[in-house]
file coords26.cif (mmCIF, C-alpha atoms)
data_model
loop_
_atom_site.label_atom_id
_atom_site.label_comp_id
_atom_site.auth_asym_id
_atom_site.auth_seq_id
_atom_site.Cartn_x
_atom_site.Cartn_y
_atom_site.Cartn_z
CA MET F 1 34.45 94.22 174.08
CA ILE F 2 36.38 96.10 176.75
CA ASN F 3 36.67 92.84 178.69
CA LEU F 4 38.34 91.27 175.64
CA ILE F 5 41.23 93.73 175.82
CA ASN F 6 41.70 93.12 179.53
CA PRO F 7 45.50 92.59 180.01
CA SER F 8 44.97 89.58 182.29
CA LYS F 9 42.85 87.83 179.65
CA ILE F 10 45.34 88.60 176.86
CA PHE F 11 48.29 87.60 179.04
CA VAL F 12 47.16 83.96 179.10
CA TRP F 13 47.24 83.84 175.29
CA ILE F 14 50.62 85.54 174.87
CA GLU F 15 52.64 82.44 175.80
CA LYS F 16 50.67 80.23 173.39
CA ILE F 17 50.93 82.65 170.46
CA THR F 18 54.66 83.24 171.11
CA ASN F 19 55.31 79.47 171.08
CA PHE F 20 53.42 79.10 167.80
CA ILE F 21 55.36 81.95 166.15
CA ASN F 22 58.67 80.52 167.40
CA SER F 23 57.82 77.14 165.87
CA VAL F 24 57.12 78.45 162.35
CA PHE F 25 59.38 81.53 162.22
CA PHE F 26 62.65 79.98 161.04
CA ILE F 27 60.93 77.82 158.42
CA VAL F 28 59.22 80.87 156.88
CA LEU F 29 62.46 82.90 157.19
CA ALA F 30 64.51 80.26 155.34
CA LEU F 31 61.86 80.03 152.63
CA ALA F 32 61.59 83.80 152.24
CA LEU F 33 65.38 84.31 152.06
CA THR F 34 65.73 81.52 149.48
CA PHE F 35 63.08 83.14 147.29
CA ALA F 36 64.38 86.69 147.80
CA LEU F 37 68.10 86.00 147.28
CA ILE F 38 68.22 82.97 144.97
CA ILE F 39 65.00 82.03 143.18
CA SER F 40 63.52 85.42 142.24
CA PRO F 41 64.82 86.83 138.92
CA PRO F 42 66.78 90.08 138.55
CA ASP F 43 64.88 93.10 137.24
CA TYR F 44 65.29 93.91 133.52
CA LEU F 45 66.27 97.49 134.40
CA GLN F 46 67.70 97.44 137.92
CA GLY F 47 69.38 94.02 137.79
CA ASP F 48 70.03 92.29 141.11
CA SER F 49 69.75 95.52 143.10
CA VAL F 50 65.97 95.00 142.95
CA ARG F 51 66.40 92.36 145.70
CA ILE F 52 66.73 95.23 148.20
CA MET F 53 63.00 95.74 147.59
CA TYR F 54 62.31 92.55 149.60
CA VAL F 55 63.47 94.21 152.82
CA HIS F 56 62.83 97.87 151.96
CA VAL F 57 59.16 97.68 150.94
CA PRO F 58 57.87 95.46 153.81
CA SER F 59 59.83 97.65 156.28
CA ALA F 60 58.17 100.80 154.93
CA TRP F 61 54.70 99.17 154.99
CA ILE F 62 55.17 98.05 158.60
CA ALA F 63 56.46 101.50 159.59
CA LEU F 64 53.34 103.17 158.14
CA ALA F 65 50.90 100.55 159.48
CA SER F 66 52.44 100.74 162.97
CA TYR F 67 52.10 104.50 163.05
CA THR F 68 48.50 104.37 161.86
CA CYS F 69 47.72 101.87 164.65
CA LEU F 70 49.58 104.06 167.15
CA ALA F 71 47.60 107.15 166.19
CA LEU F 72 44.24 105.34 166.12
CA LEU F 73 44.93 103.82 169.54
CA SER F 74 45.84 107.27 170.84
CA ILE F 75 42.54 108.69 169.56
CA MET F 76 40.62 105.80 171.15
CA SER F 77 42.55 106.21 174.38
CA PHE F 78 41.54 109.90 174.44
CA LEU F 79 37.89 109.09 173.74
CA PHE F 80 37.35 106.02 175.91
CA LYS F 81 40.08 106.45 178.58
CA ILE F 82 41.14 102.79 178.41
CA LYS F 83 44.60 102.50 179.97
CA ASN F 84 45.34 99.23 178.21
CA LEU F 85 45.39 101.07 174.87
CA ASN F 86 48.36 103.09 176.10
CA LEU F 87 50.20 99.87 176.95
CA ILE F 88 49.52 98.58 173.42
CA SER F 89 50.71 101.89 171.88
CA LYS F 90 53.91 101.79 173.95
CA SER F 91 54.56 98.25 172.74
CA ILE F 92 54.01 99.13 169.07
CA ALA F 93 56.13 102.30 168.96
CA PRO F 94 59.62 100.69 169.13
CA ILE F 95 58.65 98.30 166.33
CA GLY F 96 57.58 101.20 164.12
CA LEU F 97 60.75 103.09 164.98
CA LEU F 98 62.93 100.11 164.04
CA PHE F 99 61.20 99.59 160.69
CA THR F 100 61.22 103.30 159.82
CA CYS F 101 65.00 103.29 160.34
CA LEU F 102 65.33 100.11 158.26
CA ALA F 103 63.17 101.54 155.46
CA ILE F 104 65.33 104.69 155.33
CA ILE F 105 68.67 102.83 155.50
CA THR F 106 67.76 100.15 152.94
CA GLY F 107 66.22 102.85 150.76
CA SER F 108 69.50 104.72 150.83
CA LEU F 109 71.37 101.51 149.94
CA TRP F 110 68.98 101.01 147.03
CA GLY F 111 69.27 104.64 145.95
CA GLN F 112 73.02 104.52 145.35
CA PRO F 113 73.01 101.88 142.56
CA THR F 114 69.63 103.00 141.14
CA TRP F 115 69.70 106.81 141.32
CA GLY F 116 73.45 107.30 141.77
CA THR F 117 73.05 108.97 145.16
CA TRP F 118 72.73 107.80 148.77
CA TRP F 119 70.37 110.58 149.75
CA VAL F 120 68.14 113.23 148.24
CA TRP F 121 65.63 115.47 150.00
CA ASP F 122 62.68 114.45 147.86
CA ALA F 123 59.07 114.30 149.11
CA ARG F 124 58.85 110.59 149.96
CA ILE F 125 62.19 110.40 151.76
CA THR F 126 61.70 113.67 153.64
CA SER F 127 58.23 112.64 154.82
CA MET F 128 59.72 109.34 156.04
CA VAL F 129 62.29 111.33 158.05
CA VAL F 130 59.38 113.32 159.55
CA LEU F 131 57.75 109.99 160.49
CA LEU F 132 61.01 108.93 162.14
CA ILE F 133 61.02 112.16 164.19
CA PHE F 134 57.45 111.50 165.39
CA TYR F 135 58.40 107.95 166.42
CA ILE F 136 61.49 109.21 168.28
CA LEU F 137 59.41 111.86 170.10
CA PHE F 138 56.80 109.27 171.09
CA VAL F 139 59.39 106.85 172.48
CA LEU F 140 61.45 109.54 174.25
CA ILE F 141 58.39 111.10 175.91
CA ASN F 142 57.34 107.74 177.34
CA LYS F 143 60.88 107.02 178.45
CA PHE F 144 61.81 110.30 180.11
CA ILE F 145 58.58 111.76 181.53
CA LYS F 146 58.16 110.01 184.87
CA ASP F 147 54.52 111.02 185.44
CA GLU F 148 52.82 108.24 183.47
CA GLU F 149 49.51 110.02 182.93
CA LYS F 150 51.25 113.13 181.63
CA ALA F 151 53.54 111.05 179.38
CA ASN F 152 50.53 109.19 177.93
CA LYS F 153 48.71 112.44 177.24
CA ILE F 154 51.65 114.19 175.55
CA SER F 155 52.69 111.14 173.52
CA SER F 156 49.08 110.62 172.38
CA ILE F 157 48.89 114.22 171.17
CA ILE F 158 52.19 113.75 169.30
CA ALA F 159 50.89 110.53 167.71
CA ILE F 160 47.64 112.18 166.62
CA ILE F 161 49.44 115.21 165.10
CA GLY F 162 51.78 112.85 163.24
CA LEU F 163 48.82 111.08 161.63
CA VAL F 164 48.66 113.98 159.13
CA ASN F 165 51.99 112.78 157.78
CA ILE F 166 50.72 109.31 156.79
CA PRO F 167 48.68 110.34 153.70
CA ILE F 168 51.53 112.72 152.80
CA ILE F 169 53.95 109.77 152.73
CA LYS F 170 51.52 107.58 150.80
CA TYR F 171 50.61 110.14 148.13
CA SER F 172 53.93 112.05 148.00
CA VAL F 173 54.91 110.17 144.83
CA ASP F 174 51.65 111.28 143.13
CA TRP F 175 51.52 114.87 144.43
CA TRP F 176 55.13 115.87 143.74
CA ASN F 177 57.82 115.07 141.20
CA THR F 178 60.12 112.74 143.08
CA LEU F 179 62.97 110.38 142.35
CA HIS F 180 61.05 107.68 144.19
CA GLN F 181 59.09 105.38 141.91
CA PRO F 182 55.27 105.47 142.07
CA LYS F 183 53.37 102.73 143.90
CA SER F 184 53.45 99.27 142.32
CA ILE F 185 50.86 97.66 144.55
CA SER F 186 47.42 99.01 145.45
CA ILE F 187 45.94 97.22 148.44
CA ILE F 188 42.64 99.13 148.06
CA ASN F 189 42.13 98.10 144.41
CA GLY F 190 43.90 94.75 144.82
CA THR F 191 46.11 95.43 141.80
CA SER F 192 49.85 94.94 141.34
CA SER F 193 52.26 95.77 138.54
CA ILE F 194 54.89 93.43 140.04
CA HIS F 195 55.37 90.07 138.32
CA SER F 196 54.32 87.05 140.39
CA THR F 197 57.94 85.78 140.53
CA MET F 198 58.84 88.93 142.45
CA LEU F 199 55.54 89.28 144.30
CA MET F 200 55.95 85.87 145.95
CA PRO F 201 59.24 86.67 147.77
CA LEU F 202 57.87 90.11 148.67
CA VAL F 203 54.83 88.55 150.35
CA LEU F 204 57.00 85.94 152.09
CA MET F 205 59.39 88.60 153.42
CA LEU F 206 56.40 90.64 154.60
CA LEU F 207 55.08 87.55 156.40
CA VAL F 208 58.46 86.97 158.11
CA LEU F 209 58.71 90.57 159.25
CA LEU F 210 55.08 90.54 160.47
CA LEU F 211 55.79 87.40 162.50
CA TYR F 212 58.85 89.13 163.94
CA CYS F 213 56.74 92.21 164.78
CA ALA F 214 54.16 90.04 166.52
CA LEU F 215 56.92 88.40 168.57
CA ILE F 216 58.44 91.71 169.65
CA PHE F 217 55.01 93.22 170.31
CA LEU F 218 53.98 90.30 172.54
CA MET F 219 57.22 90.46 174.53
CA LYS F 220 56.97 94.24 174.93
CA TYR F 221 53.31 94.04 175.90
CA LYS F 222 54.02 91.29 178.41
CA THR F 223 56.80 93.45 179.90
CA GLU F 224 54.41 96.40 180.19
CA ILE F 225 51.74 94.27 181.92
CA ILE F 226 54.29 92.87 184.38
CA ARG F 227 55.59 96.39 185.07
CA ILE F 228 52.06 97.62 185.85
CA LYS F 229 51.21 94.56 187.97
CA LYS F 230 54.48 94.87 189.90
CA LYS F 231 53.58 98.41 190.91
CA SER F 232 50.39 97.22 192.56
CA ILE F 233 51.43 93.73 193.60
CA LYS F 234 49.74 93.90 197.00
CA ARG F 235 46.43 94.91 195.45
CA LEU F 236 46.35 92.07 192.93
CA MET T 237 77.08 79.96 140.97
CA ILE T 238 78.22 80.87 144.50
CA GLN T 239 80.41 83.61 143.00
CA ASN T 240 77.32 84.99 141.21
CA LEU T 241 75.27 84.80 144.39
CA ILE T 242 77.88 86.77 146.32
CA SER T 243 78.62 89.38 143.66
CA MET T 244 75.00 89.76 142.45
CA ASN T 245 76.35 91.14 139.16
CA GLY T 246 78.11 93.99 140.94
CA TYR T 247 75.25 94.83 143.34
CA GLY T 248 76.33 92.35 146.01
CA LEU T 249 77.58 94.99 148.46
CA PHE T 250 74.24 96.86 148.44
CA VAL T 251 72.02 93.78 148.50
CA TRP T 252 73.94 91.85 151.17
CA LEU T 253 74.41 94.96 153.30
CA SER T 254 70.64 95.65 153.22
CA PHE T 255 69.78 92.11 154.33
CA ALA T 256 72.59 92.03 156.90
CA ILE T 257 71.57 95.36 158.47
CA THR T 258 67.93 94.21 158.65
CA ILE T 259 68.80 90.84 160.22
CA VAL T 260 71.33 92.30 162.70
CA ALA T 261 69.01 95.16 163.75
CA CYS T 262 66.09 92.74 164.23
CA GLY T 263 68.36 90.36 166.17
CA VAL T 264 69.62 93.12 168.48
CA ILE T 265 66.08 94.39 169.20
CA TYR T 266 64.88 90.83 169.85
CA TYR T 267 67.75 90.20 172.29
CA LYS T 268 67.19 93.52 174.13
CA THR T 269 63.42 92.97 174.36
CA TYR T 270 63.89 89.41 175.62
CA LYS T 271 66.45 90.54 178.24
CA THR T 272 64.12 93.32 179.47
CA LEU T 273 61.19 90.90 179.74
CA LYS T 274 63.28 88.43 181.76
CA LYS T 275 64.52 91.27 184.00
CA TYR T 276 60.95 92.32 184.79
CA GLU T 277 59.82 88.73 185.31
CA LYS T 278 62.68 88.23 187.76
CA ALA T 279 61.90 91.46 189.63
CA PHE T 280 58.21 90.52 189.82
CA ALA T 281 58.96 87.02 191.09
CA LYS T 282 61.37 88.43 193.69
CA GLU T 283 58.71 90.83 194.89
CA LEU T 284 56.33 87.87 195.26
CA HIS T 285 58.95 85.98 197.25
CA LEU T 286 59.19 88.88 199.68
CA LEU T 287 55.51 88.53 200.58
CA SER T 288 54.34 86.21 203.31
CA GLU T 289 53.40 82.66 202.31
CA ALA T 290 49.69 83.36 202.84
CA ASP T 291 49.68 86.61 200.82
CA ARG T 292 51.61 84.97 198.00
CA LYS T 293 49.16 82.08 197.89
CA ILE T 294 46.19 84.46 197.68
CA ILE T 295 47.82 86.51 194.90
CA LEU T 296 48.78 83.42 192.90
CA GLU T 297 45.24 82.11 193.17
CA LYS T 298 43.62 85.41 192.25
CA SER T 299 45.93 86.76 189.54
CA LYS T 300 46.53 84.80 186.34
CA VAL T 301 49.36 87.17 185.43
CA ALA T 302 51.17 86.63 188.73
CA ASN T 303 50.66 82.89 188.44
CA GLN T 304 52.10 82.71 184.91
CA VAL T 305 55.06 84.98 185.64
CA PHE T 306 55.89 83.03 188.78
CA ALA T 307 55.66 79.71 186.93
CA SER T 308 57.73 80.99 184.01
CA TYR T 309 60.40 82.38 186.36
CA ASN T 310 60.59 79.15 188.35
CA LYS T 311 60.94 77.21 185.10
CA SER T 312 63.85 79.40 183.95
CA ILE T 313 65.92 79.02 187.16
#
call {"tool": "encode", "arguments": {"input": "coords26.cif", "output": "structure tokens"}}
result
Amino acid sequence: MINLINPSKIFVWIEKITNFINSVFFIVLALALTFALIISPPDYLQGDSVRIMYVHVPSAWIALASYTCLALLSIMSFLFKIKNLNLISKSIAPIGLLFTCLAIITGSLWGQPTWGTWWVWDARITSMVVLLIFYILFVLINKFIKDEEKANKISSIIAIIGLVNIPIIKYSVDWWNTLHQPKSISIINGTSSIHSTMLMPLVLMLLVLLLYCALIFLMKYKTEIIRIKKKSIKRL
Amino acid sequence: MIQNLISMNGYGLFVWLSFAITIVACGVIYYKTYKTLKKYEKAFAKELHLLSEADRKIILEKSKVANQVFASYNKSI
């Protein structure tokens, strides 16, 4: 199992996977944008502003999923002392940071026509800002602390502490009275209150953004492996 | 029809801005990540060039990573 996550073994596959993603990415992107901006119908209540959902919701999902991965990898890194897990965490963090920012910005752009305000300190939005702070701390610690072992340790602790915030974000709309609408899709129960004509573009946009994430992750991970190998080039 | 697509019944500014910000931000991050990767590949290949012929040959035979980076760098120049 540990041999499977050996950077040298993964490195060989990176090129192949990247080429595959590059070959299908623009086709899926064109399809997703056509569905999201042209084919899908406007909402009976929100009108065309509902189309913001197709970038806002997948961004928020990716932001939460990335942080959960980050925190779980940090716990595993603490328990099993596998250095490669730190490289994976470092490669995931910027992706999560990007999508947290996008979820907040597109949420604000959706809030203005729907709620009549760009910003409100309600539970869901505030907990997303807390998530953003954890991501920023994680990235800054790895960037500015030169001692790699120390940086890994501190950033892992930060990631694990921040894990508490994930259920708060998820259940904030149930626990408190917020402006944010309650969940429309339950992955656990496999239920959705979204009509299939809107669900289709949402899934397609999620697929596009996941492909993009995979591309960025592979490039970042490759960069990290090269950086490590360069340090010990004579011992290779 | 195009007018409708642009105006989105008055929500055009919000909808188009959301998609534009997402696409531009993703594009910028992709470009920066790609540039950084190429920079590291170049630095790694240069370091390999500095080694003696024999050392380089041993490393390229032993390390898959070194081999791939070196090949990818040579392809790009």
call {"tool": "closest_residue", "arguments": {"input": "coords26.cif", "among": "F:Phe20, F:Phe217, F:Tyr67, F:Trp119", "to": "chain T", "atoms": "all atoms listed in the file"}}
result
F:Phe217
call {"tool": "resolve_selection", "arguments": {"input": "coords26.cif", "expression": "the PyMOL selection byres ((chain F) within 7 of (chain T))", "output": "list in words"}}
result
Ser8, Phe11, Asp48, Ser49, Arg51, Ile52, Val55, Leu102, Thr106, Leu109, Trp110, Ile216, Met219, Lys220, Thr223, Ile226, Arg227, Lys230 and Leu236 of chain F
call {"tool": "atom_distance", "arguments": {"input": "coords26.cif", "atom1": "atom CA of F:Ile154", "atom2": "atom CA of F:Leu137"}}
result
9.8 Å
call {"tool": "residues_around", "arguments": {"input": "coords26.cif", "residues": "F:Ala71", "least_positions_apart": "4", "cutoff": "10 Å", "atoms": "only C-alpha atoms", "output": "ChimeraX atom specification"}}
result
/F:65-67,75-77,89,155-164
call {"tool": "atom_distance", "arguments": {"input": "coords26.cif", "atom1": "atom CA of F:Ile38", "atom2": "atom CA of F:Met53"}}
result
14.0 Å
call {"tool": "decode", "arguments": {"input": "coords26.cif", "residues": "stretch 248-310 of chain T", "atoms": "C-alpha atoms", "output": "compact mmCIF listing (two decimals), in the first residue's frame"}}
result
# COMPACT_ATOMS: atom_id res chain seq x y z
CA GLY T 248 -26.63 39.32 -17.03
CA LEU T 249 -24.09 41.35 -15.05
CA PHE T 250 -24.18 38.95 -12.09
CA VAL T 251 -24.27 35.74 -14.12
CA TRP T 252 -21.58 36.70 -16.64
CA LEU T 253 -19.36 38.20 -13.95
CA SER T 254 -19.56 34.96 -11.91
CA PHE T 255 -18.56 32.81 -14.88
CA ALA T 256 -15.89 35.29 -16.02
CA ILE T 257 -14.28 35.51 -12.57
CA THR T 258 -14.25 31.70 -12.29
CA ILE T 259 -12.73 31.19 -15.75
CA VAL T 260 -10.14 33.98 -15.36
CA ALA T 261 -9.10 32.84 -11.85
CA CYS T 262 -8.78 29.22 -13.02
CA GLY T 263 -6.81 30.37 -16.08
CA VAL T 264 -4.40 32.46 -14.01
CA ILE T 265 -3.78 29.62 -11.53
CA TYR T 266 -3.25 27.16 -14.39
CA TYR T 267 -0.73 29.49 -16.06
CA LYS T 268 1.17 30.12 -12.78
CA THR T 269 1.25 26.41 -11.89
CA TYR T 270 2.45 25.48 -15.38
CA LYS T 271 5.18 28.17 -15.31
CA THR T 272 6.39 26.99 -11.87
CA LEU T 273 6.50 23.36 -13.04
CA LYS T 274 8.54 24.30 -16.12
CA LYS T 275 10.89 26.42 -13.97
CA TYR T 276 11.58 23.46 -11.67
CA GLU T 277 11.98 21.06 -14.59
CA LYS T 278 14.51 23.43 -16.13
CA ALA T 279 16.43 23.83 -12.87
CA PHE T 280 16.46 20.05 -12.37
CA ALA T 281 17.68 19.39 -15.91
CA LYS T 282 20.39 22.05 -15.51
CA GLU T 283 21.56 20.42 -12.31
CA LEU T 284 21.78 17.10 -14.17
CA HIS T 285 23.81 18.75 -16.92
CA LEU T 286 26.32 19.95 -14.34
CA LEU T 287 27.08 16.37 -13.31
CA SER T 288 29.71 14.31 -15.05
CA GLU T 289 28.60 12.16 -17.99
CA ALA T 290 29.02 8.96 -15.97
CA ASP T 291 27.07 10.24 -12.93
CA ARG T 292 24.28 11.53 -15.15
CA LYS T 293 24.02 8.20 -16.92
CA ILE T 294 23.77 6.33 -13.61
CA ILE T 295 21.09 8.71 -12.29
CA LEU T 296 19.06 8.54 -15.50
CA GLU T 297 19.17 4.76 -15.40
CA LYS T 298 18.27 4.52 -11.73
CA SER T 299 15.68 7.27 -11.31
CA LYS T 300 12.45 7.22 -13.32
CA VAL T 301 11.69 10.77 -12.17
CA ALA T 302 15.05 12.12 -13.37
CA ASN T 303 14.65 10.27 -16.64
CA GLN T 304 11.18 11.68 -17.32
CA VAL T 305 12.05 15.24 -16.31
CA PHE T 306 15.17 15.16 -18.45
CA ALA T 307 13.25 13.80 -21.44
CA SER T 308 10.43 16.31 -20.99
CA TYR T 309 12.90 19.20 -20.71
CA ASN T 310 14.82 18.10 -23.80
